[in-house]
file query24.txt (compact mmCIF, C-alpha atoms)
# COMPACT_ATOMS: atom_id res chain seq x y z
CA MET B 1 0.00 0.00 0.00
CA GLY B 2 1.47 3.35 -1.03
CA GLY B 3 1.74 6.38 1.23
CA TYR B 4 2.59 4.36 4.34
CA LYS B 5 5.01 7.05 5.55
CA SER B 6 2.40 9.82 5.35
CA ARG B 7 2.01 12.11 8.35
CA ALA B 8 -1.53 10.89 8.94
CA LEU B 9 -0.47 7.26 9.23
CA ALA B 10 2.60 8.17 11.28
CA SER B 11 0.33 9.94 13.76
CA ALA B 12 -2.16 7.10 13.74
CA LEU B 13 0.56 4.58 14.59
CA ALA B 14 2.30 6.69 17.24
CA VAL B 15 2.28 5.25 20.77
CA THR B 16 -0.26 7.15 22.84
CA ALA B 17 0.42 8.31 26.40
CA LEU B 18 -3.08 7.57 27.71
CA PRO B 19 -3.99 7.59 31.40
CA PRO B 20 -3.81 4.21 33.21
CA ALA B 21 -7.60 3.78 33.28
CA ALA B 22 -7.74 4.09 29.50
CA LEU B 23 -4.68 1.91 28.94
CA ALA B 24 -6.45 -0.87 30.83
CA HIS B 25 -8.68 -1.29 27.78
CA THR B 26 -5.79 -1.60 25.30
CA GLU B 27 -3.46 -4.28 24.12
CA ARG B 28 -0.25 -2.39 23.53
CA GLU B 29 3.04 -3.29 21.90
CA PRO B 30 5.85 -3.93 24.44
CA PHE B 31 8.23 -0.96 24.42
CA ALA B 32 11.39 -3.10 24.44
CA GLN B 33 12.01 -3.80 20.76
CA ASP B 34 14.35 -2.40 18.12
CA ASP B 35 13.22 0.07 15.46
CA SER B 36 13.56 -2.40 12.59
CA GLY B 37 11.34 -4.92 14.36
CA ARG B 38 8.70 -2.30 15.04
CA THR B 39 8.78 -1.11 11.42
CA GLN B 40 8.22 -4.67 10.23
CA ARG B 41 5.31 -5.16 12.59
CA GLU B 42 3.76 -1.81 11.56
CA SER B 43 4.03 -2.84 7.90
CA ALA B 44 2.32 -6.14 8.72
CA LEU B 45 -0.37 -4.29 10.70
CA ILE B 46 -1.12 -2.04 7.73
CA ALA B 47 -1.23 -5.01 5.36
CA ARG B 48 -3.79 -6.75 7.61
CA ASN B 49 -5.92 -3.60 7.90
CA GLU B 50 -5.45 -2.08 4.47
CA ASP B 51 -9.04 -0.83 4.16
CA ALA B 52 -8.89 1.04 7.49
CA PHE B 53 -5.60 2.75 6.68
CA GLU B 54 -6.75 3.65 3.18
CA ARG B 55 -9.78 5.34 4.75
CA ILE B 56 -7.53 7.20 7.18
CA GLU B 57 -5.32 8.46 4.32
CA GLU B 58 -8.39 9.51 2.35
CA MET B 59 -9.98 11.32 5.30
CA CYS B 60 -6.72 13.09 6.17
CA GLU B 61 -5.76 13.88 2.59
CA ASP B 62 -6.04 17.64 3.19
CA GLY B 63 -4.63 17.46 6.72
CA CYS B 64 -5.85 16.04 10.01
CA TYR B 65 -6.28 17.99 13.25
CA THR B 66 -4.69 16.50 16.34
CA GLU B 67 -6.48 16.67 19.70
CA PHE B 68 -4.60 19.81 20.78
CA GLY B 69 -5.05 21.35 17.34
CA ILE B 70 -8.82 20.79 17.45
CA VAL B 71 -9.21 22.77 20.69
CA GLU B 72 -6.74 25.46 19.69
CA ALA B 73 -8.31 26.06 16.27
CA ALA B 74 -11.93 25.95 17.48
CA ARG B 75 -11.40 28.32 20.42
CA GLU B 76 -9.01 30.75 18.74
CA PRO B 77 -10.31 34.35 18.82
CA GLY B 78 -12.00 35.13 15.53
CA ALA B 79 -12.33 31.45 14.57
CA PRO B 80 -15.38 30.50 12.45
CA PRO B 81 -18.41 29.03 14.27
CA SER B 82 -17.48 25.57 13.01
CA ILE B 83 -14.47 23.87 11.45
CA ASP B 84 -15.04 21.25 8.78
CA GLY B 85 -12.33 18.63 8.43
CA ALA B 86 -10.74 15.43 9.70
CA PHE B 87 -9.78 14.98 13.35
CA MET B 88 -7.58 12.43 15.11
CA LEU B 89 -7.79 11.91 18.86
CA ASP B 90 -7.64 9.33 21.62
CA VAL B 91 -10.76 8.22 23.48
CA TYR B 92 -10.62 7.95 27.26
CA ARG B 93 -14.18 6.81 27.97
CA VAL B 94 -17.71 6.56 26.61
CA GLN B 95 -20.80 8.10 28.22
CA LYS B 96 -24.37 7.08 27.47
CA LYS B 97 -27.28 9.48 27.12
CA PRO B 98 -30.96 8.68 26.42
CA TYR B 99 -30.65 8.78 22.62
CA SER B 100 -26.93 8.98 21.99
CA TYR B 101 -23.42 8.18 23.14
CA SER B 102 -20.48 10.50 23.61
CA LEU B 103 -16.77 9.74 23.37
CA HIS B 104 -14.56 11.81 25.69
CA SER B 105 -10.88 12.56 25.16
CA LEU B 106 -10.32 13.12 28.91
CA ASP B 107 -11.45 11.45 32.14
CA ARG B 108 -13.16 14.64 33.30
CA TYR B 109 -15.21 17.55 31.98
CA ASP B 110 -12.71 20.22 31.05
CA PRO B 111 -12.53 22.98 28.43
CA THR B 112 -9.72 21.02 26.71
CA CYS B 113 -11.79 17.81 26.51
CA VAL B 114 -13.12 17.05 23.03
CA ILE B 115 -16.50 15.31 22.93
CA ILE B 116 -17.71 13.20 20.00
CA GLN B 117 -21.49 12.78 19.80
CA ILE B 118 -22.86 9.60 18.20
CA ASP B 119 -26.53 8.66 17.78
CA LYS B 120 -27.43 5.24 19.20
CA ASP B 121 -28.21 3.78 15.75
CA ILE B 122 -24.85 4.91 14.38
CA MET B 123 -23.10 3.49 17.45
CA ALA B 124 -24.77 0.12 16.77
CA GLN B 125 -23.37 0.18 13.24
CA LEU B 126 -19.90 1.08 14.50
CA LEU B 127 -19.90 -1.84 16.95
CA ASP B 128 -20.86 -4.10 14.01
CA ARG B 129 -22.59 -6.76 16.10
CA PHE B 130 -25.54 -8.78 14.85
CA GLU B 131 -27.94 -11.46 16.02
CA TRP B 132 -30.09 -13.89 14.06
CA GLU B 133 -33.83 -13.23 14.03
CA ALA B 134 -36.43 -15.78 12.98
CA GLN B 135 -38.57 -14.71 10.03
CA PHE B 136 -41.83 -16.54 9.24
CA LEU B 137 -42.88 -16.57 5.59
CA GLU B 138 -45.94 -18.02 3.85
CA GLY B 139 -45.17 -21.13 1.78
CA SER B 140 -47.18 -23.18 -0.67
CA ASP B 141 -50.04 -25.48 0.49
CA ASP B 142 -50.48 -23.63 3.77
CA GLU B 143 -46.90 -24.30 4.77
CA ILE B 144 -44.97 -21.92 6.97
CA VAL B 145 -41.37 -21.30 5.99
CA VAL B 146 -39.05 -20.28 8.79
CA ALA B 147 -36.02 -18.30 7.70
CA ARG B 148 -33.40 -16.30 9.52
CA ARG B 149 -32.03 -12.85 8.92
CA LYS B 150 -29.31 -10.79 10.47
CA LYS B 151 -30.50 -8.08 12.82
CA LEU B 152 -28.28 -5.31 14.14
CA LYS B 153 -27.94 -5.56 17.92
CA LYS B 154 -28.57 -2.51 20.05
CA ALA B 155 -25.49 -0.73 21.33
CA THR B 156 -24.67 -0.94 25.02
CA LEU B 157 -22.44 1.25 27.17
CA GLU B 158 -20.32 -1.76 28.09
CA GLY B 159 -19.85 -2.70 24.44
CA ALA B 160 -19.10 0.89 23.41
CA ASN B 161 -16.48 1.29 26.13
CA GLU B 162 -14.89 -2.03 25.22
CA HIS B 163 -14.74 -0.96 21.58
CA PHE B 164 -13.53 2.63 21.97
CA ALA B 165 -11.97 3.33 25.40
CA GLY B 166 -8.20 3.61 25.14
CA ARG B 167 -8.28 3.64 21.33
CA ARG B 168 -7.34 6.23 18.73
CA ILE B 169 -9.97 7.30 16.20
CA VAL B 170 -10.12 9.42 13.06
CA ILE B 171 -13.38 11.21 12.32
CA ARG B 172 -14.69 13.49 9.62
CA GLY B 173 -17.15 16.20 10.61
CA GLN B 174 -17.68 19.72 11.91
CA THR B 175 -16.78 21.21 15.24
CA ARG B 176 -19.10 23.38 17.26
CA LEU B 177 -18.73 25.11 20.61
CA ILE B 178 -21.24 24.73 23.41
CA ARG B 179 -21.32 26.73 26.62
CA TRP B 180 -20.59 24.62 29.69
CA PRO B 181 -20.54 25.75 33.36
CA TRP B 182 -17.23 24.36 34.63
CA GLU B 183 -17.11 23.65 38.35
CA GLY B 184 -15.32 26.44 40.21
CA GLN B 185 -14.83 28.42 37.00
CA LYS B 186 -16.70 30.78 34.77
CA ARG B 187 -18.65 29.32 31.87
CA GLY B 188 -16.36 27.95 29.15
CA ASP B 189 -16.56 26.64 25.61
CA GLN B 190 -16.70 22.89 24.97
CA VAL B 191 -15.56 21.53 21.60
CA VAL B 192 -18.09 19.02 20.25
CA ILE B 193 -18.05 17.03 17.00
CA LYS B 194 -21.15 15.12 15.88
CA VAL B 195 -20.74 11.96 13.82
CA GLU B 196 -23.31 12.03 11.01
CA SER B 197 -22.55 8.60 9.54
CA ALA B 198 -20.76 5.42 10.56
CA ASP B 199 -18.58 5.92 7.46
CA ASP B 200 -17.19 9.11 9.02
CA LEU B 201 -15.37 7.34 11.86
CA VAL B 202 -12.44 4.92 11.73
CA ARG B 203 -10.96 3.16 14.75
CA VAL B 204 -7.20 3.00 14.25
CA PRO B 205 -5.87 -0.59 14.38
CA ILE B 206 -3.20 -1.22 17.02
CA LEU B 207 -0.23 -3.53 17.34
CA ARG B 208 -0.96 -6.67 19.33
CA PRO B 209 1.44 -8.12 21.92
CA ARG B 210 3.66 -10.99 20.87
CA ASP B 211 2.40 -14.47 21.70

call {"tool": "encode", "arguments": {"input": "query24.txt", "output": "structure tokens"}}
result
Amino acid sequence: MGGYKSRALASALAVTALPPAALAHTEREPFAQDDSGRTQRESALIARNEDAFERIEEMCEDGCYTEFGIVEAAREPGAPPSIDGAFMLDVYRVQKKPYSYSLHSLDRYDPTCVIIQIDKDIMAQLLDRFEWEAQFLEGSDDEIVVARRKKLKKATLEGANEHFAGRRIVIRGQTRLIRWPWEGQKRGDQVVIKVESADDLVRVPILRPRD
């Protein structure tokens, strides 16, 4: 696959200094290995997940905001009301609301925390989990034909946290600022990005530990 050394892929593959609670959800590469060995394993990782990395390159073709860059650009004086582009950040935890889920880049509410909003139906698609449902059809001579079809399972907070907590994601969308009353502080601006389609979010594959 061409373009492996692109900045977007280099950022996607970089080791992330996540807090311990988030790292508990990850399976990380041991740090003690030489550069040549890591390069070989990264090449193998990309080969196994070619579609995901092609999507990342496509989404970040015109540049990709990092977590710090998202906050800095969105809250800069004179910045437009929203920024349209691609964004790369690490997810600390998932929170469930009545009709949606939100991915948080920090373990606390803070003006530097980026929040990704995802409708429950889109979250179900992202988790990509199905169950078989019986389907009764009319047959000939008063027969009943029983068939099965795949049905998308509802998303759960446990499943969403297992899928996203401690992982790096790339999303395509628009930022917006909401006013949030921070504890012990004056009201501040919160950077929020809403995912409009499951195709607009990619979970970055990670290196697995050696057997």

call {"tool": "residues_around", "arguments": {"input": "query24.txt", "residues": "B:Leu106", "least_positions_apart": "3", "cutoff": "8 Å", "atoms": "all atoms listed in the file", "output": "JSON, numbers by chain"}}
result
{"B": [91, 92, 93, 109, 110, 113, 114]}

call {"tool": "write_last_selection", "arguments": {"input": "query24.txt", "atoms": "C-alpha atoms", "output": "PDB file, in the coordinates of the input"}}
result
ATOM      1  CA  VAL B  91     -10.760   8.220  23.480  1.00  0.00           C
ATOM      2  CA  TYR B  92     -10.620   7.950  27.260  1.00  0.00           C
ATOM      3  CA  ARG B  93     -14.180   6.810  27.970  1.00  0.00           C
ATOM      4  CA  TYR B 109     -15.210  17.550  31.980  1.00  0.00           C
ATOM      5  CA  ASP B 110     -12.710  20.220  31.050  1.00  0.00           C
ATOM      6  CA  CYS B 113     -11.790  17.810  26.510  1.00  0.00           C
ATOM      7  CA  VAL B 114     -13.120  17.050  23.030  1.00  0.00           C
TER       8      VAL B 114
END

call {"tool": "atom_distance", "arguments": {"input": "query24.txt", "atom1": "atom CA of B:Asp200", "atom2": "atom CA of B:Arg176"}}
result
16.6 Å

call {"tool": "atom_distance", "arguments": {"input": "query24.txt", "atom1": "atom CA of B:Leu157", "atom2": "atom CA of B:Lys120"}}
result
10.2 Å

call {"tool": "axis_aligned_box", "arguments": {"input": "query24.txt", "around": "stretch 87-93 of chain B", "padding_each_side": "4 Å", "output": "AutoDock Vina command-line options"}}
result
--center_x -10.9 --center_y 10.9 --center_z 20.7 --size_x 14.6 --size_y 16.2 --size_z 22.6

call {"tool": "atom_distance", "arguments": {"input": "query24.txt", "atom1": "atom CA of B:Ala124", "atom2": "atom CA of B:Asp84"}}
result
24.6 Å

call {"tool": "closest_residue", "arguments": {"input": "query24.txt", "among": "B:His104, B:Lys153, B:Arg55, B:Arg75", "to": "B:Leu201", "atoms": "all atoms listed in the file"}}
result
B:Arg55

call {"tool": "closest_residue", "arguments": {"input": "query24.txt", "among": "B:Lys154, B:Arg179, B:Arg38, B:Lys96", "to": "B:Ile116", "atoms": "only C-alpha atoms"}}
result
B:Lys96

call {"tool": "residues_around", "arguments": {"input": "query24.txt", "residues": "B:Asn49", "least_positions_apart": "4", "cutoff": "8 Å", "atoms": "all atoms listed in the file", "output": "PyMOL selection string"}}
result
chain B and resi 45+53+205

call {"tool": "closest_residue", "arguments": {"input": "query24.txt", "among": "B:Ala12, B:Leu127, B:Ile56, B:Ala73", "to": "B:Glu158", "atoms": "all atoms listed in the file"}}
result
B:Leu127

call {"tool": "closest_residue", "arguments": {"input": "query24.txt", "among": "B:Ala155, B:Tyr65, B:Asp121, B:Ala74", "to": "B:Glu196", "atoms": "all atoms listed in the file"}}
result
B:Asp121

call {"tool": "residues_around", "arguments": {"input": "query24.txt", "residues": "B:Tyr101", "least_positions_apart": "3", "cutoff": "7 Å", "atoms": "only C-alpha atoms", "output": "PDB file with C-alpha atoms, in the frame of the given file"}}
result
ATOM      1  CA  VAL B  94     -17.710   6.560  26.610  1.00  0.00           C
ATOM      2  CA  GLN B  95     -20.800   8.100  28.220  1.00  0.00           C
ATOM      3  CA  LYS B  96     -24.370   7.080  27.470  1.00  0.00           C
ATOM      4  CA  LYS B  97     -27.280   9.480  27.120  1.00  0.00           C
ATOM      5  CA  GLN B 117     -21.490  12.780  19.800  1.00  0.00           C
ATOM      6  CA  ILE B 118     -22.860   9.600  18.200  1.00  0.00           C
ATOM      7  CA  ASP B 119     -26.530   8.660  17.780  1.00  0.00           C
ATOM      8  CA  LYS B 120     -27.430   5.240  19.200  1.00  0.00           C
TER       9      LYS B 120
END

call {"tool": "decode", "arguments": {"input": "query24.txt", "residues": "stretch 32-69 of chain B", "atoms": "N, CA and C atoms", "output": "PDB file, in the first residue's frame"}}
result
ATOM      1  N   ALA B  32      10.034  -2.616  24.637  1.00  0.00           N
ATOM      2  CA  ALA B  32      11.392  -3.099  24.442  1.00  0.00           C
ATOM      3  C   ALA B  32      11.501  -3.873  23.131  1.00  0.00           C
ATOM      4  N   GLN B  33      11.729  -3.160  22.024  1.00  0.00           N
ATOM      5  CA  GLN B  33      12.011  -3.805  20.759  1.00  0.00           C
ATOM      6  C   GLN B  33      12.737  -2.813  19.881  1.00  0.00           C
ATOM      7  N   ASP B  34      13.558  -3.306  18.949  1.00  0.00           N
ATOM      8  CA  ASP B  34      14.349  -2.400  18.115  1.00  0.00           C
ATOM      9  C   ASP B  34      13.464  -1.769  17.055  1.00  0.00           C
ATOM     10  N   ASP B  35      13.983  -0.687  16.443  1.00  0.00           N
ATOM     11  CA  ASP B  35      13.221   0.068  15.456  1.00  0.00           C
ATOM     12  C   ASP B  35      12.879  -0.773  14.228  1.00  0.00           C
ATOM     13  N   SER B  36      13.821  -1.603  13.784  1.00  0.00           N
ATOM     14  CA  SER B  36      13.564  -2.403  12.589  1.00  0.00           C
ATOM     15  C   SER B  36      12.436  -3.404  12.835  1.00  0.00           C
ATOM     16  N   GLY B  37      12.418  -3.992  14.041  1.00  0.00           N
ATOM     17  CA  GLY B  37      11.337  -4.921  14.362  1.00  0.00           C
ATOM     18  C   GLY B  37      10.002  -4.232  14.410  1.00  0.00           C
ATOM     19  N   ARG B  38       9.968  -3.036  14.974  1.00  0.00           N
ATOM     20  CA  ARG B  38       8.704  -2.296  15.044  1.00  0.00           C
ATOM     21  C   ARG B  38       8.231  -1.905  13.647  1.00  0.00           C
ATOM     22  N   THR B  39       9.160  -1.485  12.780  1.00  0.00           N
ATOM     23  CA  THR B  39       8.784  -1.110  11.418  1.00  0.00           C
ATOM     24  C   THR B  39       8.178  -2.298  10.683  1.00  0.00           C
ATOM     25  N   GLN B  40       8.759  -3.478  10.870  1.00  0.00           N
ATOM     26  CA  GLN B  40       8.222  -4.672  10.230  1.00  0.00           C
ATOM     27  C   GLN B  40       6.826  -4.993  10.742  1.00  0.00           C
ATOM     28  N   ARG B  41       6.615  -4.840  12.023  1.00  0.00           N
ATOM     29  CA  ARG B  41       5.306  -5.156  12.589  1.00  0.00           C
ATOM     30  C   ARG B  41       4.274  -4.102  12.159  1.00  0.00           C
ATOM     31  N   GLU B  42       4.685  -2.842  12.043  1.00  0.00           N
ATOM     32  CA  GLU B  42       3.762  -1.810  11.559  1.00  0.00           C
ATOM     33  C   GLU B  42       3.367  -2.089  10.113  1.00  0.00           C
ATOM     34  N   SER B  43       4.336  -2.515   9.295  1.00  0.00           N
ATOM     35  CA  SER B  43       4.027  -2.843   7.903  1.00  0.00           C
ATOM     36  C   SER B  43       3.041  -3.997   7.829  1.00  0.00           C
ATOM     37  N   ALA B  44       3.246  -5.006   8.687  1.00  0.00           N
ATOM     38  CA  ALA B  44       2.323  -6.141   8.715  1.00  0.00           C
ATOM     39  C   ALA B  44       0.938  -5.707   9.192  1.00  0.00           C
ATOM     40  N   LEU B  45       0.903  -4.807  10.186  1.00  0.00           N
ATOM     41  CA  LEU B  45      -0.373  -4.293  10.695  1.00  0.00           C
ATOM     42  C   LEU B  45      -1.144  -3.591   9.589  1.00  0.00           C
ATOM     43  N   ILE B  46      -0.465  -2.764   8.810  1.00  0.00           N
ATOM     44  CA  ILE B  46      -1.120  -2.036   7.728  1.00  0.00           C
ATOM     45  C   ILE B  46      -1.609  -3.003   6.655  1.00  0.00           C
ATOM     46  N   ALA B  47      -0.820  -4.023   6.369  1.00  0.00           N
ATOM     47  CA  ALA B  47      -1.232  -5.009   5.360  1.00  0.00           C
ATOM     48  C   ALA B  47      -2.501  -5.735   5.800  1.00  0.00           C
ATOM     49  N   ARG B  48      -2.612  -6.034   7.109  1.00  0.00           N
ATOM     50  CA  ARG B  48      -3.792  -6.752   7.613  1.00  0.00           C
ATOM     51  C   ARG B  48      -5.023  -5.861   7.669  1.00  0.00           C
ATOM     52  N   ASN B  49      -4.800  -4.552   7.744  1.00  0.00           N
ATOM     53  CA  ASN B  49      -5.922  -3.605   7.903  1.00  0.00           C
ATOM     54  C   ASN B  49      -5.872  -2.543   6.803  1.00  0.00           C
ATOM     55  N   GLU B  50      -5.652  -3.006   5.583  1.00  0.00           N
ATOM     56  CA  GLU B  50      -5.448  -2.080   4.473  1.00  0.00           C
ATOM     57  C   GLU B  50      -6.633  -1.136   4.275  1.00  0.00           C
ATOM     58  N   ASP B  51      -7.861  -1.668   4.366  1.00  0.00           N
ATOM     59  CA  ASP B  51      -9.039  -0.827   4.155  1.00  0.00           C
ATOM     60  C   ASP B  51      -9.099   0.313   5.165  1.00  0.00           C
ATOM     61  N   ALA B  52      -8.820   0.010   6.450  1.00  0.00           N
ATOM     62  CA  ALA B  52      -8.886   1.037   7.492  1.00  0.00           C
ATOM     63  C   ALA B  52      -7.862   2.127   7.238  1.00  0.00           C
ATOM     64  N   PHE B  53      -6.636   1.745   6.887  1.00  0.00           N
ATOM     65  CA  PHE B  53      -5.598   2.754   6.682  1.00  0.00           C
ATOM     66  C   PHE B  53      -5.800   3.535   5.392  1.00  0.00           C
ATOM     67  N   GLU B  54      -6.403   2.908   4.389  1.00  0.00           N
ATOM     68  CA  GLU B  54      -6.749   3.652   3.175  1.00  0.00           C
ATOM     69  C   GLU B  54      -7.803   4.715   3.497  1.00  0.00           C
ATOM     70  N   ARG B  55      -8.765   4.362   4.342  1.00  0.00           N
ATOM     71  CA  ARG B  55      -9.782   5.339   4.747  1.00  0.00           C
ATOM     72  C   ARG B  55      -9.153   6.486   5.533  1.00  0.00           C
ATOM     73  N   ILE B  56      -8.196   6.161   6.403  1.00  0.00           N
ATOM     74  CA  ILE B  56      -7.527   7.205   7.179  1.00  0.00           C
ATOM     75  C   ILE B  56      -6.783   8.155   6.248  1.00  0.00           C
ATOM     76  N   GLU B  57      -6.048   7.603   5.275  1.00  0.00           N
ATOM     77  CA  GLU B  57      -5.324   8.455   4.322  1.00  0.00           C
ATOM     78  C   GLU B  57      -6.287   9.325   3.521  1.00  0.00           C
ATOM     79  N   GLU B  58      -7.409   8.745   3.121  1.00  0.00           N
ATOM     80  CA  GLU B  58      -8.391   9.507   2.352  1.00  0.00           C
ATOM     81  C   GLU B  58      -8.997  10.633   3.193  1.00  0.00           C
ATOM     82  N   MET B  59      -9.364  10.315   4.436  1.00  0.00           N
ATOM     83  CA  MET B  59      -9.982  11.316   5.299  1.00  0.00           C
ATOM     84  C   MET B  59      -9.009  12.437   5.642  1.00  0.00           C
ATOM     85  N   CYS B  60      -7.729  12.101   5.775  1.00  0.00           N
ATOM     86  CA  CYS B  60      -6.719  13.093   6.172  1.00  0.00           C
ATOM     87  C   CYS B  60      -5.929  13.631   4.983  1.00  0.00           C
ATOM     88  N   GLU B  61      -6.464  13.459   3.796  1.00  0.00           N
ATOM     89  CA  GLU B  61      -5.758  13.880   2.588  1.00  0.00           C
ATOM     90  C   GLU B  61      -5.399  15.361   2.624  1.00  0.00           C
ATOM     91  N   ASP B  62      -6.282  16.199   3.131  1.00  0.00           N
ATOM     92  CA  ASP B  62      -6.044  17.639   3.193  1.00  0.00           C
ATOM     93  C   ASP B  62      -5.561  18.081   4.574  1.00  0.00           C
ATOM     94  N   GLY B  63      -5.083  17.132   5.373  1.00  0.00           N
ATOM     95  CA  GLY B  63      -4.632  17.458   6.724  1.00  0.00           C
ATOM     96  C   GLY B  63      -5.579  16.860   7.751  1.00  0.00           C
ATOM     97  N   CYS B  64      -5.059  16.665   8.940  1.00  0.00           N
ATOM     98  CA  CYS B  64      -5.846  16.042  10.007  1.00  0.00           C
ATOM     99  C   CYS B  64      -5.503  16.729  11.322  1.00  0.00           C
ATOM    100  N   TYR B  65      -6.501  17.318  11.981  1.00  0.00           N
ATOM    101  CA  TYR B  65      -6.280  17.990  13.251  1.00  0.00           C
ATOM    102  C   TYR B  65      -5.952  16.981  14.350  1.00  0.00           C
ATOM    103  N   THR B  66      -4.950  17.292  15.147  1.00  0.00           N
ATOM    104  CA  THR B  66      -4.695  16.496  16.341  1.00  0.00           C
ATOM    105  C   THR B  66      -5.609  16.991  17.462  1.00  0.00           C
ATOM    106  N   GLU B  67      -5.595  16.281  18.586  1.00  0.00           N
ATOM    107  CA  GLU B  67      -6.479  16.667  19.696  1.00  0.00           C
ATOM    108  C   GLU B  67      -6.211  18.099  20.153  1.00  0.00           C
ATOM    109  N   PHE B  68      -4.935  18.450  20.348  1.00  0.00           N
ATOM    110  CA  PHE B  68      -4.603  19.807  20.778  1.00  0.00           C
ATOM    111  C   PHE B  68      -4.973  20.810  19.699  1.00  0.00           C
ATOM    112  N   GLY B  69      -4.732  20.436  18.434  1.00  0.00           N
ATOM    113  CA  GLY B  69      -5.052  21.346  17.335  1.00  0.00           C
ATOM    114  C   GLY B  69      -6.534  21.611  17.210  1.00  0.00           C
TER     115      GLY B  69
END
